[in-house]
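Below: run-v2.cif (mmCIF, C-alpha atoms)
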```cif
data_query
loop_
_atom_site.label_atom_id
_atom_site.label_comp_id
_atom_site.auth_asym_id
_atom_site.auth_seq_id
_atom_site.Cartn_x
_atom_site.Cartn_y
_atom_site.Cartn_z
CA MET L 1 128.35 20.23 109.57
CA ARG L 2 131.94 20.75 108.48
CA PRO L 3 134.24 18.33 110.25
CA ASP L 4 136.42 21.16 111.55
CA ALA L 5 133.53 23.30 112.76
CA ALA L 6 133.92 24.21 116.41
CA ARG L 7 131.55 22.65 118.88
CA PRO L 8 129.60 24.89 121.19
CA ASP L 9 131.01 23.02 124.17
CA ALA L 10 134.45 24.28 123.15
CA LEU L 11 133.32 27.76 124.18
CA ASP L 12 134.18 28.88 127.65
CA SER L 13 132.14 31.23 129.76
CA LEU L 14 133.95 34.34 128.50
CA ASP L 15 133.34 33.33 124.86
CA ARG L 16 129.67 32.96 125.66
CA ARG L 17 129.42 36.28 127.39
CA ILE L 18 131.21 37.98 124.49
CA ILE L 19 128.81 36.45 121.96
CA ASN L 20 125.74 37.31 124.01
CA THR L 21 126.84 40.86 124.69
CA LEU L 22 127.82 41.60 121.10
CA GLN L 23 124.55 40.25 119.74
CA ASP L 24 122.96 43.22 121.48
CA GLY L 25 125.24 45.82 119.94
CA PHE L 26 128.65 47.42 119.82
CA PRO L 27 129.62 50.93 120.91
CA VAL L 28 130.40 53.74 118.52
CA SER L 29 133.24 55.34 120.46
CA GLU L 30 137.01 55.79 120.31
CA ARG L 31 137.88 52.63 122.24
CA PRO L 32 134.84 50.39 121.76
CA TYR L 33 136.64 47.13 122.53
CA ALA L 34 138.03 48.54 125.76
CA GLU L 35 134.52 49.64 126.69
CA VAL L 36 133.02 46.20 126.05
CA ALA L 37 135.95 44.50 127.77
CA ARG L 38 135.37 46.54 130.91
CA GLN L 39 131.73 45.61 130.88
CA LEU L 40 132.72 41.93 130.63
CA GLY L 41 135.39 42.15 133.31
CA THR L 42 138.24 41.42 130.90
CA ASP L 43 140.76 43.53 128.98
CA GLU L 44 140.89 44.87 125.46
CA ASP L 45 143.64 42.53 124.23
CA THR L 46 141.82 39.46 125.47
CA LEU L 47 138.57 40.55 123.87
CA LEU L 48 140.27 41.23 120.53
CA ALA L 49 142.02 37.86 120.60
CA ARG L 50 138.79 36.03 121.47
CA LEU L 51 136.86 37.78 118.72
CA LYS L 52 139.54 36.95 116.20
CA ARG L 53 139.40 33.30 117.21
CA LEU L 54 135.59 33.15 117.09
CA LEU L 55 135.67 34.61 113.59
CA ASP L 56 138.55 32.38 112.46
CA GLU L 57 136.75 29.32 113.78
CA ARG L 58 133.63 30.51 112.00
CA ILE L 59 131.44 30.50 115.07
CA LEU L 60 130.62 34.08 114.16
CA THR L 61 129.80 34.88 110.55
CA ARG L 62 130.45 38.56 110.78
CA PHE L 63 131.29 41.34 113.10
CA GLY L 64 130.07 44.70 111.92
CA PRO L 65 126.98 46.55 110.78
CA MET L 66 123.62 45.03 109.97
CA TYR L 67 121.98 47.25 107.40
CA GLN L 68 118.33 47.91 106.81
CA ALA L 69 118.71 47.13 103.14
CA GLU L 70 115.45 48.73 102.12
CA ARG L 71 116.71 52.07 103.42
CA LEU L 72 119.62 51.82 101.07
CA GLY L 73 117.25 51.30 98.19
CA GLY L 74 117.78 47.57 97.84
CA ALA L 75 115.14 44.87 97.76
CA PHE L 76 114.75 41.52 99.45
CA SER L 77 112.35 38.68 98.91
CA LEU L 78 111.74 35.18 100.19
CA VAL L 79 111.22 32.68 97.40
CA ALA L 80 109.98 29.10 97.58
CA MET L 81 110.25 26.27 95.08
CA LYS L 82 108.76 22.78 94.92
CA VAL L 83 111.50 20.57 93.59
CA PRO L 84 111.19 16.80 93.17
CA PRO L 85 113.65 15.21 95.63
CA GLU L 86 115.59 13.45 92.90
CA ASP L 87 116.20 16.77 91.17
CA PHE L 88 116.91 18.77 94.29
CA ASP L 89 120.71 18.86 94.17
CA ARG L 90 120.80 19.93 90.55
CA VAL L 91 118.38 22.79 91.18
CA ALA L 92 120.17 23.80 94.39
CA GLU L 93 123.38 24.16 92.44
CA ILE L 94 121.69 26.35 89.87
CA VAL L 95 119.99 28.54 92.47
CA ASN L 96 123.11 28.88 94.62
CA GLY L 97 125.04 29.96 91.56
CA PHE L 98 123.08 33.21 91.41
CA THR L 99 124.95 35.94 93.28
CA GLU L 100 121.61 37.50 94.20
CA VAL L 101 120.75 34.47 96.36
CA ALA L 102 121.77 35.40 99.89
CA HIS L 103 120.93 32.15 101.56
CA ASN L 104 119.12 29.00 100.73
CA TYR L 105 117.59 26.36 102.97
CA GLN L 106 116.23 22.95 102.24
CA ARG L 107 113.09 22.44 104.33
CA GLU L 108 110.92 19.42 105.02
CA HIS L 109 107.81 20.15 102.98
CA ALA L 110 106.56 19.85 99.41
CA PHE L 111 107.83 23.42 99.14
CA ASN L 112 111.32 22.26 99.91
CA MET L 113 113.61 25.02 98.70
CA TRP L 114 113.54 28.44 100.38
CA PHE L 115 115.93 31.18 99.50
CA VAL L 116 116.32 34.89 100.02
CA LEU L 117 117.07 37.20 97.12
CA ALA L 118 118.86 40.48 97.63
CA THR L 119 118.94 42.85 94.69
CA GLU L 120 119.50 46.49 94.05
CA THR L 121 115.97 47.24 92.91
CA PRO L 122 112.55 45.66 93.34
CA GLU L 123 112.38 45.21 89.56
CA ALA L 124 115.53 43.11 89.62
CA ILE L 125 113.78 40.57 91.88
CA THR L 126 111.33 39.78 89.09
CA ASP L 127 114.11 39.50 86.57
CA VAL L 128 116.20 37.12 88.70
CA LEU L 129 113.15 34.95 89.39
CA ARG L 130 112.49 34.63 85.70
CA ARG L 131 116.10 33.61 85.08
CA ILE L 132 116.00 31.04 87.90
CA GLU L 133 112.78 29.59 86.50
CA GLN L 134 114.32 29.32 83.06
CA ALA L 135 117.52 27.75 84.31
CA SER L 136 115.85 25.29 86.68
CA GLY L 137 112.63 24.48 84.87
CA TYR L 138 110.49 24.98 87.98
CA PRO L 139 108.28 27.88 89.05
CA CYS L 140 109.38 30.28 91.75
CA TYR L 141 106.86 31.43 94.35
CA ASN L 142 107.70 34.97 95.34
CA MET L 143 106.76 35.85 98.91
CA PRO L 144 108.11 39.31 99.72
CA LYS L 145 107.39 40.61 103.16
CA LEU L 146 104.28 42.77 103.36
CA GLU L 147 104.63 43.68 106.98
CA GLU L 148 107.24 43.07 109.63
CA TYR L 149 106.18 42.32 113.19
CA TYR L 150 109.42 41.49 114.80
CA VAL L 151 113.04 41.22 113.85
CA ARG L 152 115.47 40.28 116.53
CA LEU L 153 117.55 37.25 115.92
CA ARG L 154 119.29 36.95 119.24
CA LEU L 155 120.33 33.49 120.33
CA PRO L 156 121.78 33.26 123.83
CA VAL L 157 124.62 30.75 124.07
CA MET C 1 134.08 43.87 91.89
CA ASP C 2 136.50 46.61 90.90
CA MET C 3 136.45 50.06 92.34
CA SER C 4 134.84 51.83 89.42
CA ALA C 5 131.94 49.41 89.54
CA PHE C 6 131.83 49.91 93.28
CA ARG C 7 131.63 53.67 92.85
CA GLU C 8 128.96 53.27 90.22
CA HIS C 9 126.95 51.20 92.68
CA LEU C 10 127.33 53.88 95.28
CA ARG C 11 126.18 56.53 92.82
CA GLN C 12 123.13 54.45 92.04
CA ILE C 13 122.34 54.03 95.70
CA ARG C 14 122.67 57.75 96.21
CA SER C 15 120.33 58.56 93.36
CA ARG C 16 117.64 56.52 95.08
CA VAL C 17 118.23 57.65 98.64
CA GLY C 18 119.29 61.23 98.32
CA PHE C 19 119.80 61.76 102.01
CA LEU C 20 122.92 59.59 102.11
CA GLU C 21 126.03 61.61 101.35
CA ASP C 22 129.00 60.22 99.44
CA THR C 23 130.98 59.98 102.65
CA ASP C 24 128.21 57.94 104.28
CA LEU C 25 128.25 55.54 101.36
CA ALA C 26 132.03 55.26 101.42
CA LEU C 27 131.82 54.57 105.14
CA ILE C 28 129.16 51.91 104.63
CA GLY C 29 131.34 50.29 101.99
CA ALA C 30 134.41 50.45 104.23
CA ILE C 31 132.91 48.62 107.20
CA GLU C 32 130.55 46.40 105.31
CA LYS C 33 132.70 43.30 105.57
CA GLY C 34 133.43 43.86 109.21
CA LEU C 35 135.01 46.24 111.69
CA PRO C 36 138.79 46.11 112.13
CA LEU C 37 139.92 44.10 115.14
CA SER C 38 142.20 46.74 116.54
CA PRO C 39 141.93 48.97 119.61
CA ARG C 40 140.69 51.99 117.63
CA PRO C 41 138.73 50.42 114.79
CA TYR C 42 136.96 53.62 113.77
CA ALA C 43 140.27 55.51 113.57
CA GLU C 44 141.51 52.81 111.22
CA VAL C 45 138.38 53.11 109.06
CA ALA C 46 138.76 56.90 109.11
CA ALA C 47 142.37 56.72 107.94
CA GLY C 48 141.31 54.53 105.03
CA LEU C 49 138.71 57.11 104.01
CA GLY C 50 140.87 60.16 104.63
CA ILE C 51 138.51 61.63 107.22
CA SER C 52 138.78 62.07 110.97
CA GLU C 53 137.87 59.51 113.57
CA GLN C 54 135.37 61.98 115.02
CA GLU C 55 133.63 62.25 111.65
CA VAL C 56 133.34 58.47 111.42
CA LEU C 57 131.83 58.31 114.90
CA ARG C 58 129.41 61.11 114.14
CA ARG C 59 128.31 59.62 110.83
CA LEU C 60 127.93 56.10 112.21
CA ALA C 61 125.84 57.34 115.11
CA ALA C 62 123.65 59.24 112.65
CA LEU C 63 123.27 56.23 110.34
CA ARG C 64 122.25 54.16 113.30
CA ASN C 65 119.76 56.73 114.51
CA ARG C 66 118.25 56.92 111.03
CA GLY C 67 117.86 53.17 110.95
CA VAL C 68 120.14 52.67 107.95
CA ILE C 69 122.31 50.62 110.28
CA LYS C 70 120.02 48.41 112.29
CA ARG C 71 122.75 47.52 114.72
CA LEU C 72 126.45 46.90 115.04
CA GLY C 73 127.56 43.65 116.51
CA VAL C 74 128.05 39.99 115.78
CA VAL C 75 126.11 37.50 113.73
CA VAL C 76 126.37 33.95 115.00
CA ARG C 77 126.40 30.74 113.07
CA HIS C 78 123.45 29.47 114.97
CA ARG C 79 123.94 25.79 114.14
CA GLU C 80 127.51 25.80 115.32
CA LEU C 81 126.23 27.20 118.61
CA GLY C 82 123.83 24.38 119.21
CA TYR C 83 120.67 25.87 117.65
CA ARG C 84 120.18 22.93 115.39
CA ALA C 85 116.39 22.92 115.18
CA ASN C 86 115.32 25.78 112.99
CA ALA C 87 111.67 25.93 112.02
CA MET C 88 109.76 28.22 109.75
CA VAL C 89 106.19 28.10 111.05
CA VAL C 90 103.52 29.31 108.66
CA TRP C 91 99.92 30.15 109.55
CA ASP C 92 96.77 30.67 107.50
CA VAL C 93 95.31 33.58 109.39
CA PRO C 94 92.22 35.64 108.47
CA ASP C 95 93.49 38.86 106.91
CA ASP C 96 91.78 41.05 109.46
CA THR C 97 93.52 39.41 112.42
CA VAL C 98 97.01 38.95 111.02
CA GLY C 99 98.34 42.14 112.60
CA GLU C 100 96.96 41.22 115.98
CA LEU C 101 98.58 37.78 115.84
CA GLY C 102 101.84 39.17 114.56
CA ARG C 103 101.95 41.41 117.60
CA CYS C 104 101.07 38.49 119.87
CA PHE C 105 103.98 36.47 118.42
CA SER C 106 106.38 39.34 118.82
CA GLY C 107 105.88 39.17 122.57
CA TYR C 108 107.80 35.89 122.72
CA ASP C 109 111.59 35.92 122.85
CA PHE C 110 111.85 32.63 121.00
CA VAL C 111 110.13 34.09 117.93
CA THR C 112 113.09 35.53 116.08
CA LEU C 113 111.40 36.77 112.91
CA CYS C 114 107.78 37.41 112.03
CA TYR C 115 106.37 38.65 108.74
CA ARG C 116 103.14 38.88 106.83
CA ARG C 117 103.65 37.55 103.29
CA PRO C 118 101.32 37.03 100.32
CA ARG C 119 99.43 33.77 99.94
CA GLN C 120 100.05 31.83 96.71
CA LEU C 121 96.65 30.28 96.20
CA PRO C 122 95.70 27.56 95.69
CA GLN C 123 99.05 25.96 96.52
CA TRP C 124 100.06 28.04 99.46
CA PRO C 125 97.40 29.48 101.79
CA TYR C 126 99.74 30.73 104.53
CA ASN C 127 100.15 34.43 105.13
CA LEU C 128 101.90 34.74 108.50
CA PHE C 129 105.44 33.46 108.81
CA CYS C 130 107.59 33.17 111.89
CA MET C 131 110.95 31.64 112.67
CA ILE C 132 111.67 29.70 115.81
CA HIS C 133 115.18 28.53 116.64
CA GLY C 134 115.76 25.91 119.29
CA LYS C 135 118.29 23.35 120.34
CA THR C 136 115.99 20.39 119.65
CA ARG C 137 112.87 19.76 117.62
CA ASP C 138 110.97 18.89 120.78
CA GLU C 139 111.81 22.26 122.22
CA VAL C 140 110.59 23.99 119.06
CA GLN C 141 107.36 21.94 119.02
CA ALA C 142 106.69 22.84 122.64
CA ARG C 143 107.09 26.51 121.83
CA ILE C 144 104.70 26.24 118.90
CA ALA C 145 102.16 24.56 121.18
CA GLN C 146 102.60 27.44 123.59
CA LEU C 147 101.92 29.97 120.81
CA VAL C 148 98.81 28.06 119.71
CA GLN C 149 97.45 28.07 123.20
CA GLU C 150 98.39 31.55 124.35
CA CYS C 151 97.63 33.42 121.11
CA GLY C 152 94.35 31.51 120.61
CA LEU C 153 95.26 29.67 117.40
CA GLU C 154 93.52 26.34 117.96
CA SER C 155 91.39 26.78 114.85
CA VAL C 156 94.12 28.23 112.66
CA GLN C 157 95.85 25.92 110.23
CA HIS C 158 99.62 25.94 110.47
CA GLN C 159 102.60 23.98 109.22
CA VAL C 160 106.09 23.55 110.57
CA LEU C 161 108.93 23.48 108.07
CA PHE C 162 112.11 22.32 109.75
CA SER C 163 115.30 23.09 107.90
CA ARG C 164 117.33 20.19 106.71
CA ARG C 165 120.30 21.77 104.94
CA ARG C 166 121.68 25.24 104.67
CA PHE C 167 123.48 26.13 101.48
CA LYS C 168 124.40 29.73 102.02
CA GLN C 169 124.34 32.16 104.87
CA CYS C 170 125.68 35.53 103.98
CA GLY C 171 126.16 38.79 105.70
CA ALA C 172 123.74 41.53 104.77
CA ARG C 173 124.37 41.82 101.08
CA TYR C 174 123.37 44.98 99.43
CA HIS C 175 123.79 46.41 95.98
CA GLY C 176 126.29 43.82 94.95
CA VAL C 177 128.97 45.57 96.98
CA THR C 178 129.41 42.65 99.29
CA THR C 179 130.78 39.38 98.32
CA CYS C 180 129.18 36.68 100.33
CA PRO C 181 131.60 35.86 103.13
CA ALA C 182 130.09 32.42 103.45
CA LEU C 183 130.44 31.63 99.79
CA ALA C 184 133.25 29.20 100.46
CA ASP C 185 130.86 26.99 102.32
CA ALA C 186 127.92 27.45 100.05
CA ARG C 187 127.89 23.71 99.91
CA GLU C 188 128.06 23.34 103.63
CA ALA C 189 125.43 20.89 104.62
CA ASP C 190 123.93 20.19 107.96
CA TYR C 191 122.11 16.93 108.41
CA ALA C 192 121.81 17.04 112.16
CA THR C 193 118.09 17.34 112.61
#
```

As structure tokens:
Amino acid sequence: MRPDAARPDALDSLDRRIINTLQDGFPVSERPYAEVARQLGTDEDTLLARLKRLLDERILTRFGPMYQAERLGGAFSLVAMKVPPEDFDRVAEIVNGFTEVAHNYQREHAFNMWFVLATETPEAITDVLRRIEQASGYPCYNMPKLEEYYVRLRLPV
Amino acid sequence: MDMSAFREHLRQIRSRVGFLEDTDLALIGAIEKGLPLSPRPYAEVAAGLGISEQEVLRRLAALRNRGVIKRLGVVVRHRELGYRANAMVVWDVPDDTVGELGRCFSGYDFVTLCYRRPRQLPQWPYNLFCMIHGKTRDEVQARIAQLVQECGLESVQHQVLFSRRRFKQCGARYHGVTTCPALADAREADYAT
């Protein structure tokens, strides 16, 4: 964790209610912040100031639309690699250097590197995988989603 | 990315999904990095696009109804909010029951994502993936035990892959239009597990 990252205990009850409410959605209306503020029992200025702070302090990554990328024609895939621990950092640097890599996690398993690719076309996924394999020297295991049962990442704070 | 490349991207998107008009694509591009933090954010977006606030509202509502926009709202940095145990749980489920189990999992609030994915035999036999976020590993393990019991998975092989480090967490990237807002901390590491 970054040394300057805010601690969750630095959040007061209004911060928490703002985060929880806005994980569920945001109105499409002329004065959306005023609408949400009313719902939270605060005012528009306070809500705007709190949101700005939560974004500045990087407690929130974004505030805006979440797209269904497939409906825009793009493609996503989850990819796993088995990288020897002593070579992990080198390979991570290579993988993270690809702009198509949206996020990358080290996990505790022989398959220890897991990243998500986002590309404009399904064909581009294959191409990027081949380039990652060439650059890293290890095979990529492509695990695109075949079916989706549930997508709701909502974490109450 | 410069604007001509941006427009070219938008043209390419449009050629694949004909039902999105140019104005929709411009709107998507305009709010992609985030909504303005001002009292009338959609009026601000509208002014930037040279259209009316009402048109922005109408188009956004339509994009949401069509599922192009899944939702508007915030994305949290879950670790900074205390969700420090993040497990990908993978199951080797008979193909003819994977849908049934996926639906069973989706009944639990603590399951935040659930997908069927291809096996990679012989190295990787698992075909059902779910994500469980919790504040501690014990909490996550207890939830997995609950799934095993309540969805009848005693005889199903599973593995729990806790995350150790996160290198990147971006907003929804699409078509190269977005730069990753988290790129600056692509090296951000989290050892607290």

(request) Could you state which residues are captured by the PyMOL selection byres ((chain L and resi 84-95) around 9) in this file, as an MDAnalysis selection string? (result) (chainID L and resid 82:83 96:99 101 104 106 110 112:113 115 132 135:138) or (chainID C and resid 167 187)

Write the selection just made, keeping C-alpha atoms, as an mmCIF file, keeping the file's coordinate frame?
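The file below, again-v4.cif, is the result:
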```cif
data_model
loop_
_atom_site.group_PDB
_atom_site.id
_atom_site.type_symbol
_atom_site.label_atom_id
_atom_site.label_comp_id
_atom_site.auth_asym_id
_atom_site.auth_seq_id
_atom_site.Cartn_x
_atom_site.Cartn_y
_atom_site.Cartn_z
ATOM 1 C CA LYS L 82 108.760 22.780 94.920
ATOM 2 C CA VAL L 83 111.500 20.570 93.590
ATOM 3 C CA ASN L 96 123.110 28.880 94.620
ATOM 4 C CA GLY L 97 125.040 29.960 91.560
ATOM 5 C CA PHE L 98 123.080 33.210 91.410
ATOM 6 C CA THR L 99 124.950 35.940 93.280
ATOM 7 C CA VAL L 101 120.750 34.470 96.360
ATOM 8 C CA ASN L 104 119.120 29.000 100.730
ATOM 9 C CA GLN L 106 116.230 22.950 102.240
ATOM 10 C CA ALA L 110 106.560 19.850 99.410
ATOM 11 C CA ASN L 112 111.320 22.260 99.910
ATOM 12 C CA MET L 113 113.610 25.020 98.700
ATOM 13 C CA PHE L 115 115.930 31.180 99.500
ATOM 14 C CA ILE L 132 116.000 31.040 87.900
ATOM 15 C CA ALA L 135 117.520 27.750 84.310
ATOM 16 C CA SER L 136 115.850 25.290 86.680
ATOM 17 C CA GLY L 137 112.630 24.480 84.870
ATOM 18 C CA TYR L 138 110.490 24.980 87.980
ATOM 19 C CA PHE C 167 123.480 26.130 101.480
ATOM 20 C CA ARG C 187 127.890 23.710 99.910
#
```

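If you look at CA of Arg77 (chain C) and CA of Arg53 (chain L), they are 13.9 Å away from each other.
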
CA of Ile51 (chain C) to CA of Tyr33 (chain L): how many Å, to one decimal?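 Distance reported for this atom pair: 21.2 Å.
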
| task | Would you write out, as a list in words, every residue that the PyMOL selection byres ((chain C and resi 117) around 8) captures in this file? | result | Met143, Pro144, Lys145, Leu146 and Glu147 of chain L; Tyr115, Arg116, Pro118, Arg119, Tyr126, Asn127, Leu128 and Phe129 of chain C

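In terms of minimum interatomic distance to Glu55 (chain C), L:Ser29 ranks closest within L:Ser29, L:Thr126, L:Thr119, L:Thr46, counting all atoms listed in the file.
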
Could you list the residues chosen by the PyMOL selection byres ((chain C and resi 106) around 12) in this structure as a PyMOL selection string? (chain L and resi 148-153) or (chain C and resi 99-105+107-115+129-132+147+151)

Please indicate the distance in Å from CA of Val116 (chain L) to CA of Ser163 (chain C), rounded to one decimal place.
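Calculated distance between CA of Val116 (chain L) and CA of Ser163 (chain C) is 14.2 Å.
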
*Counting only C-alpha atoms, the residue of C:Leu72, C:Val160, C:Leu121, C:Ile144 that sits nearest Phe26 (chain L)*: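 Counting only C-alpha atoms, the residue closest to Phe26 (chain L) is C:Leu72.
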
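Comparing L:Met81, L:Ile19, L:Val36, L:Ala75 by their smallest distance to Leu51 (chain L), the closest is L:Ile19 (using all atoms listed in the file).
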
Given the choices C:Leu63, C:Asp24, C:Gly50, C:Tyr83, which gets closest to Met66 (chain L) if the distance is worked out from only C-alpha atoms?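 Of the candidates, the smallest distance to Met66 (chain L) is held by C:Leu63.
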
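Closest approach to Lys52 (chain L) from the set C:Thr97, C:Gln120, C:Ser38, C:Asn65 is made by C:Ser38, with distances taken over all atoms listed in the file.
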
Taking only C-alpha atoms into account, name the residue in C:Glu150, C:Ser52, C:His133, C:Asp22 that is nearest to chain L.
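Closest candidate: C:His133.
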